[in-house]
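Single-structure report; data block below.
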Amino acid sequence: MNDGSVDPWRRSSLLYTRRSHHINGLARMDNTLEQLDFSESTRDAAKEKWNDQTLRGSDSRYRFFLEFSPDPIVIYDTDGFAQYVNRAFESTFGWSKNELIGKRIDFVPPKNMQETQEAIQHLMRENLVTLFETQRFTKNGELLDVQLSSSTYLDSHGNIKGVIVILRDITELKRTRFALAESQKWFSTLVQESPYGISVIGRSGSYQYLNRKFTEIFGYTIEDVPNGKFWFKLAFPDFSERKRAISLWKNEHLTWVPGETKPYIRKVRCKNGDYKIICFRPVIMPNGDYFVFHEDITDRETARKRLVKAHKELKKAHEDLKRIERLKEKAADHICHEIKTPIAIIESIFKIISRHGTHPPKATFTELIERGERYLKRLKSIQVEMEDIEIYSKPDERNKFLEIVEDLKNIREIVSEKNMPAERALNLLIGKLESIYAMEKEIVEEIDLADIFKNAIEHFNTTRHSHRNLNILNKTSPGRILYIDRNIINKVVGGLFRNAIENTPDGGKIILTARENSREVTIEIIDFGTGITEENQKNLFWGFFHTQDTKYYSTKRPYDFNAGGSGGDLLRMKLFADTYGFSLSFKSSRCKYIPFEEQSCPGDTGICRHITSRQDCMDSGGSQFIVAFPKEKFSAKAPAPGYLPSPRKAATISNSRSPGSASDPPHG
C-alpha cells in the first residue's frame, strides 16, 4: 500500500459495485458512515427529522447489511483511505481490516490503470458508476475479474464525504463464459464441418439453421426452406409421397422423448432436380426443437442393389448351369429314345420279311409297310427339325456358306462372259457346293392367316386321326395378311397346333385366332389341356425338352394325346423368331387336378374322375401361345426373293402365367 498524497491508486479505490439493486440514496453514519439514504427525493427531509435515537438504529441496520453482504464492500474517505471493509472483502482479497483501515488499498493492476482513472472521472461527474468490469489483485498476487459499482456519499451538509464501493468476484463466471464461448465455437465448427447434413428446426416448424453439408447435399439454403411446409413441398413433389412423409413425421414424433432418435430412409428431390436416397435421423431436444442429421446414402444403396443384383444373377447362372446339365441328360435320353424306337421297329420288319422269304402273307406285309413308313416319317421329322435348328442357330456360318456360293456364281458368270473353257468345271464345282451347303430360298409372299389355320385343321382331319374327339375352332376371318415365307409360317403354326392337340384330352377345346392392331399382327393358339408346370415353363425353349420323364413317355403317332416328339419344335420356333424378328410368348396354367409333372391325365374328359363336365376340364388349366409379327417388317412384300436374311434383332420370349389361361405342351 502507498502513503503518498496523490497517486492513481487512490482514485481507483473509489469505485463502487453492486449486484442487482441500484444505490439511489446516500448513507449517513457517525465517523465511518455519516449518511445512507435510498431515496434522494426524501434526503433533505430526513436530515431534519432524524433524531439521535433513529440515527443509532439506522447505523446498526446499515452496518449489519454491509457486514453480511455476500459481495466485498469497501468505504473510502475523500483522500482515498479505507474507512471500512466487510467480511466478504477480507475473505475475497485476503487482507484483514487491521491491514486496510486508514490506508490505501494497492490492488489495481497496471494494465487496468487507464480504465480505472476514466471510471473515477465518471464517478466525480455523475456520482455513480455501475457494473464496471475490471480486474484486481488479491493479497497473494492472484488476479481476479471483478464487477464494480461505486457511488459517492454525503455528510449532513450535502458535501461529499467519501465513496462506497461494491465489488463482485466474477472470475469463475468469466471462466465459465469463456469455456461456454469456446464450446459453442467448437460445436459450431463441428456442426458446420460435419460430413452429415444438419438442420435445426424450431418447435413451430421454422428452420433455424442449415449447415454447409446440407446445402451441398440438397442445394437448398435457409432462404429456400424457411419452414417445414416449404421443405416437404420441395423434397417430395409427388403429392402422395409428400402426404405420407408429413403423416409419418407428425404421428411418430408425438410420442418421442428428448434424446430419442430413429432412422428414416426416403428418396428426396434436390434443388437441381436430381433424386437422392437420404437417411434421416431426427433428435428432439429438451426445449422441443429438432436436431436432424441427413446422410446421403445414394451411392451406398446403389452399390448394395448392384451387389444384390449380381448375387441374384450369379445364383441364377449357377442354377442355369445345373439346369443345362439336367437338360443335356434329359435331351440325350429323349433323342436316344426317339431314334431307338423307329430303328427297332424297322429292324423287326426286316427280320419278319427275311423269315417269310419273298412271299410273306399279304396282310402282314401291308401292316409292316405301314409301320415302317410311319417310323421313317418320324425319323425324317427329327432330321428336318435338326437341320432347321442347325441352320438357324449358326447364322454366321450360314451366311459364310451363302457368300461362298454367291462368289462361285460370280466366277461362273465371269468365265461364261469370256467364254473360258473352265466354265464346265466351275459349274460342276458350284453344283457340288450347292448340294452340300445351299439352302432353300426364302420366298416372301402374301399369306392369309385364315388359310394357314384352315390348312392346318384339314391336315389334322385327313391324317387318320378320326379317333380324336376335339372341338377345334378357327375364329380367324379372311383378310389377316402377313408377308412372310410360307414354309416358315407353316412350320410355326403347324408346330404350335400339333402341340396344342397332343396336350388336350379328348372332349377338350382348341381355339385358333389372329388379331391385328396398329403395331402388329398376332397369332394365338389356345388349348384347354393339361398345361405346363412352373418348373417346366422355365425350360420350355431350351430345346429337345419334354415335360414328361422318358420312363413315362411312349412314342405314339403325331396328334395322339401325349404323343410326344423330339422336343425340338419350340426351339426351332425360337430360332425362327430370333432370325426374322417376330416374338414368341406364352401363358400357361397347369391343370389343378394334376399339379405335378409325374401325374398324368387320362386323356379323355369322359373318364376323368376329378370332373363332372367338359367345362370343369376347361376351367382347370391350359396354355396360350402368342406369336406377334410387327407390321413394319411383315406388312409388305420384300423387293425380291433371295436367300435367307441375316438374323434380325432377337425376339423377346416371355414366360408369364395367369390363372385360367391355356398352355402348350413342351414336347412339340
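Chain labels follow the order of the C-alpha cells: the first chain is A, the next B, and so on; residue numbering restarts at 1 in every chain, and ligands are counted from 1 in their shown order.
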
When you look at Leu449 (chain A) with a cut-off of 12 Å (counting only C-alpha atoms), what residues show up, excluding the ones that are within fewer than 3 positions of it in the same chain? I need them as a tab-separated table (two decimals) with N, CA and C atoms, in the first residue's frame.
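Below is the file selection-v9.tsv, written as the result:
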```
chain	number	residue	atom	x	y	z
A	446	GLU	N	-47.61	-63.10	-99.99
A	446	GLU	CA	-48.77	-62.68	-99.20
A	446	GLU	C	-49.45	-63.90	-98.62
A	452	ILE	N	-53.99	-70.41	-93.57
A	452	ILE	CA	-52.99	-71.22	-92.87
A	452	ILE	C	-53.65	-72.07	-91.80
A	453	PHE	N	-54.57	-71.44	-91.03
A	453	PHE	CA	-55.28	-72.19	-90.00
A	453	PHE	C	-56.16	-73.28	-90.62
A	454	LYS	N	-56.84	-72.93	-91.69
A	454	LYS	CA	-57.73	-73.88	-92.36
A	454	LYS	C	-56.94	-75.10	-92.85
A	455	ASN	N	-55.78	-74.85	-93.45
A	455	ASN	CA	-54.96	-75.95	-93.96
A	455	ASN	C	-54.44	-76.84	-92.83
A	456	ALA	N	-54.08	-76.21	-91.70
A	456	ALA	CA	-53.58	-76.99	-90.57
A	456	ALA	C	-54.67	-77.91	-90.03
A	474	ASN	N	-61.74	-72.29	-85.47
A	474	ASN	CA	-60.94	-71.31	-86.22
A	474	ASN	C	-61.71	-69.99	-86.21
A	475	LYS	N	-61.29	-69.07	-85.36
A	475	LYS	CA	-62.00	-67.80	-85.21
A	475	LYS	C	-61.33	-66.67	-85.99
A	476	THR	N	-60.64	-67.03	-87.04
A	476	THR	CA	-59.94	-66.03	-87.83
A	476	THR	C	-60.68	-65.77	-89.14
A	477	SER	N	-61.05	-64.54	-89.37
A	477	SER	CA	-61.72	-64.17	-90.61
A	477	SER	C	-60.67	-63.92	-91.70
A	478	PRO	N	-61.02	-64.17	-92.94
A	478	PRO	CA	-60.09	-63.87	-94.04
A	478	PRO	C	-59.69	-62.40	-94.03
A	479	GLY	N	-58.46	-62.13	-94.43
A	479	GLY	CA	-58.01	-60.75	-94.51
A	479	GLY	C	-56.90	-60.40	-93.53
A	480	ARG	N	-56.55	-61.31	-92.65
A	480	ARG	CA	-55.41	-61.08	-91.77
A	480	ARG	C	-54.16	-61.48	-92.54
A	481	ILE	N	-53.45	-60.49	-93.08
A	481	ILE	CA	-52.39	-60.73	-94.05
A	481	ILE	C	-51.01	-60.54	-93.43
A	482	LEU	N	-50.10	-61.44	-93.77
A	482	LEU	CA	-48.68	-61.30	-93.46
A	482	LEU	C	-47.89	-61.50	-94.74
A	483	TYR	N	-46.72	-60.86	-94.82
A	483	TYR	CA	-45.78	-61.11	-95.92
A	483	TYR	C	-44.59	-61.83	-95.32
A	484	ILE	N	-44.54	-63.15	-95.59
A	484	ILE	CA	-43.52	-64.00	-94.98
A	484	ILE	C	-43.37	-65.25	-95.84
A	486	ARG	N	-43.83	-68.86	-96.81
A	486	ARG	CA	-44.92	-69.78	-96.46
A	486	ARG	C	-44.40	-70.98	-95.66
A	489	ILE	N	-44.05	-69.88	-91.89
A	489	ILE	CA	-45.30	-69.72	-91.15
A	489	ILE	C	-46.02	-71.05	-90.98
A	490	ASN	N	-45.88	-71.96	-91.97
A	490	ASN	CA	-46.49	-73.28	-91.83
A	490	ASN	C	-45.84	-74.07	-90.70
A	492	VAL	N	-44.34	-72.79	-88.04
A	492	VAL	CA	-44.69	-72.18	-86.76
A	492	VAL	C	-46.11	-72.57	-86.35
A	493	VAL	N	-47.08	-72.34	-87.26
A	493	VAL	CA	-48.48	-72.64	-86.94
A	493	VAL	C	-48.67	-74.14	-86.76
A	512	LEU	N	-58.05	-71.29	-82.49
A	512	LEU	CA	-57.05	-70.63	-83.32
A	512	LEU	C	-57.61	-69.28	-83.74
A	513	THR	N	-56.84	-68.24	-83.48
A	513	THR	CA	-57.33	-66.91	-83.83
A	513	THR	C	-56.16	-66.01	-84.19
A	514	ALA	N	-56.47	-64.99	-84.99
A	514	ALA	CA	-55.48	-63.97	-85.37
A	514	ALA	C	-56.08	-62.61	-85.08
A	515	ARG	N	-55.26	-61.71	-84.53
A	515	ARG	CA	-55.70	-60.37	-84.21
A	515	ARG	C	-54.78	-59.35	-84.86
A	516	GLU	N	-55.25	-58.12	-84.89
A	516	GLU	CA	-54.46	-57.07	-85.53
A	516	GLU	C	-54.71	-55.74	-84.82
A	521	VAL	N	-49.52	-57.84	-86.02
A	521	VAL	CA	-50.50	-58.90	-86.26
A	521	VAL	C	-50.09	-60.07	-85.36
A	522	THR	N	-51.06	-60.62	-84.60
A	522	THR	CA	-50.73	-61.69	-83.67
A	522	THR	C	-51.51	-62.96	-83.99
A	523	ILE	N	-50.86	-64.09	-83.75
A	523	ILE	CA	-51.49	-65.40	-83.85
A	523	ILE	C	-51.61	-65.94	-82.43
A	524	GLU	N	-52.78	-66.47	-82.10
A	524	GLU	CA	-52.98	-67.06	-80.78
A	524	GLU	C	-53.55	-68.47	-80.95
A	629	PHE	N	-46.20	-60.46	-84.96
A	629	PHE	CA	-45.44	-60.04	-86.13
A	629	PHE	C	-45.54	-58.52	-86.27
```

DSSP-assigned strand (DSSP E) members of region 42-238 of chain A, reported as a PyMOL selection string
chain A and resi 73-77+82-85+128-137+143-154+160-169+197-201+207-210

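Once region 104-115 of chain A and its same-chain neighbours fewer than 2 positions away are set aside, Met1, Phe81, Ala82, Gln117, Glu118, Arg136 and Phe137 of chain A remain within 6 Å of it when counting only C-alpha atoms.
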
For a quick check of understanding, using only C-alpha atoms, which of A:Trp249, A:Phe93, A:Phe236, A:Tyr207 has the smallest distance to Ile222 (chain A)?
A:Tyr207

Fewer than 5 positions away in the same chain doesn't count, so skip those; otherwise give me all residues within 8 Å of Ala235 (chain A), counting only C-alpha atoms, as a PyMOL selection string.
chain A and resi 268-270

Just-selected residues, N, CA and C atoms written as a PDB file, in the first residue's frame:
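Below is the file that was written, part-v4.pdb:
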```pdb
ATOM      1  N   VAL A 268     -35.433 -38.273 -51.982  1.00  0.00           N
ATOM      2  CA  VAL A 268     -35.681 -36.832 -51.901  1.00  0.00           C
ATOM      3  C   VAL A 268     -35.221 -36.149 -53.180  1.00  0.00           C
ATOM      4  N   ARG A 269     -36.012 -35.171 -53.641  1.00  0.00           N
ATOM      5  CA  ARG A 269     -35.606 -34.384 -54.812  1.00  0.00           C
ATOM      6  C   ARG A 269     -34.752 -33.200 -54.352  1.00  0.00           C
ATOM      7  N   CYS A 270     -33.640 -32.998 -55.050  1.00  0.00           N
ATOM      8  CA  CYS A 270     -32.742 -31.889 -54.734  1.00  0.00           C
ATOM      9  C   CYS A 270     -33.114 -30.667 -55.577  1.00  0.00           C
TER      10      CYS A 270
END
```

Coordinates-based distance that separates CA of Ile246 (chain A) from CA of Pro258 (chain A) (Å, one decimal):
20.3 Å

Shell around Glu133 (chain A) at 7 Å using only C-alpha atoms, local window under 3 positions removed, as number ranges by chain:
A: 146-148

Tell me, in Å to one decimal, how far CA of Phe576 (chain A) is from CA of Gln624 (chain A).
18.8 Å

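The coordinates place CA of Val85 (chain A) at 10.8 Å from CA of Asp71 (chain A).
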
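All residues in region 558-621 of chain A with a DSSP state of alpha helix (DSSP H), computed from the backbone, read Asp569, Leu570, Leu571, Arg572, Met573, Lys574, Leu575, Phe576, Ala577, Asp578, Thr579, Tyr580, Arg614, Gln615, Asp616, Cys617, Met618, Asp619 and Ser620 of chain A.
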
All residues 12 Å or closer to Val191 (chain A), only C-alpha atoms, same chain fewer than 3 positions away omitted, as a PyMOL selection string:
chain A and resi 183-188+194-200+209-214+291-293

Proximity to Glu535 (chain A) - best of A:His311, A:Arg590, A:Arg609, A:Arg374, only C-alpha atoms:
A:Arg590

Smallest atom-to-atom distance to Thr530 (chain A): which of A:Arg306, A:Arg61, A:His253, A:Lys592, using only C-alpha atoms?
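Looking at the shortest contact to Thr530 (chain A), the residue is A:Lys592.
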
When you look at Glu223 (chain A) with a cut-off of 12 Å (counting only C-alpha atoms), what residues show up, excluding the ones that are within fewer than 4 positions of it in the same chain? I need them as a ChimeraX atom specification.
/A:206-210,215,219,227,230-231

Restricting it to C-alpha atoms, dump the selection as a tab-separated table (two decimals), in the first residue's frame.
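Here's the written file result.tsv:
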```tsv
chain	number	residue	atom	x	y	z
A	206	SER	CA	-39.31	-22.95	-38.72
A	207	TYR	CA	-35.80	-23.84	-39.87
A	208	GLN	CA	-33.29	-22.09	-37.64
A	209	TYR	CA	-30.03	-23.46	-39.06
A	210	LEU	CA	-28.68	-25.42	-42.03
A	215	THR	CA	-26.72	-27.27	-48.82
A	219	GLY	CA	-28.73	-27.49	-52.91
A	227	ASN	CA	-40.09	-23.83	-42.62
A	230	PHE	CA	-41.55	-25.40	-47.89
A	231	TRP	CA	-39.18	-28.30	-47.22
```
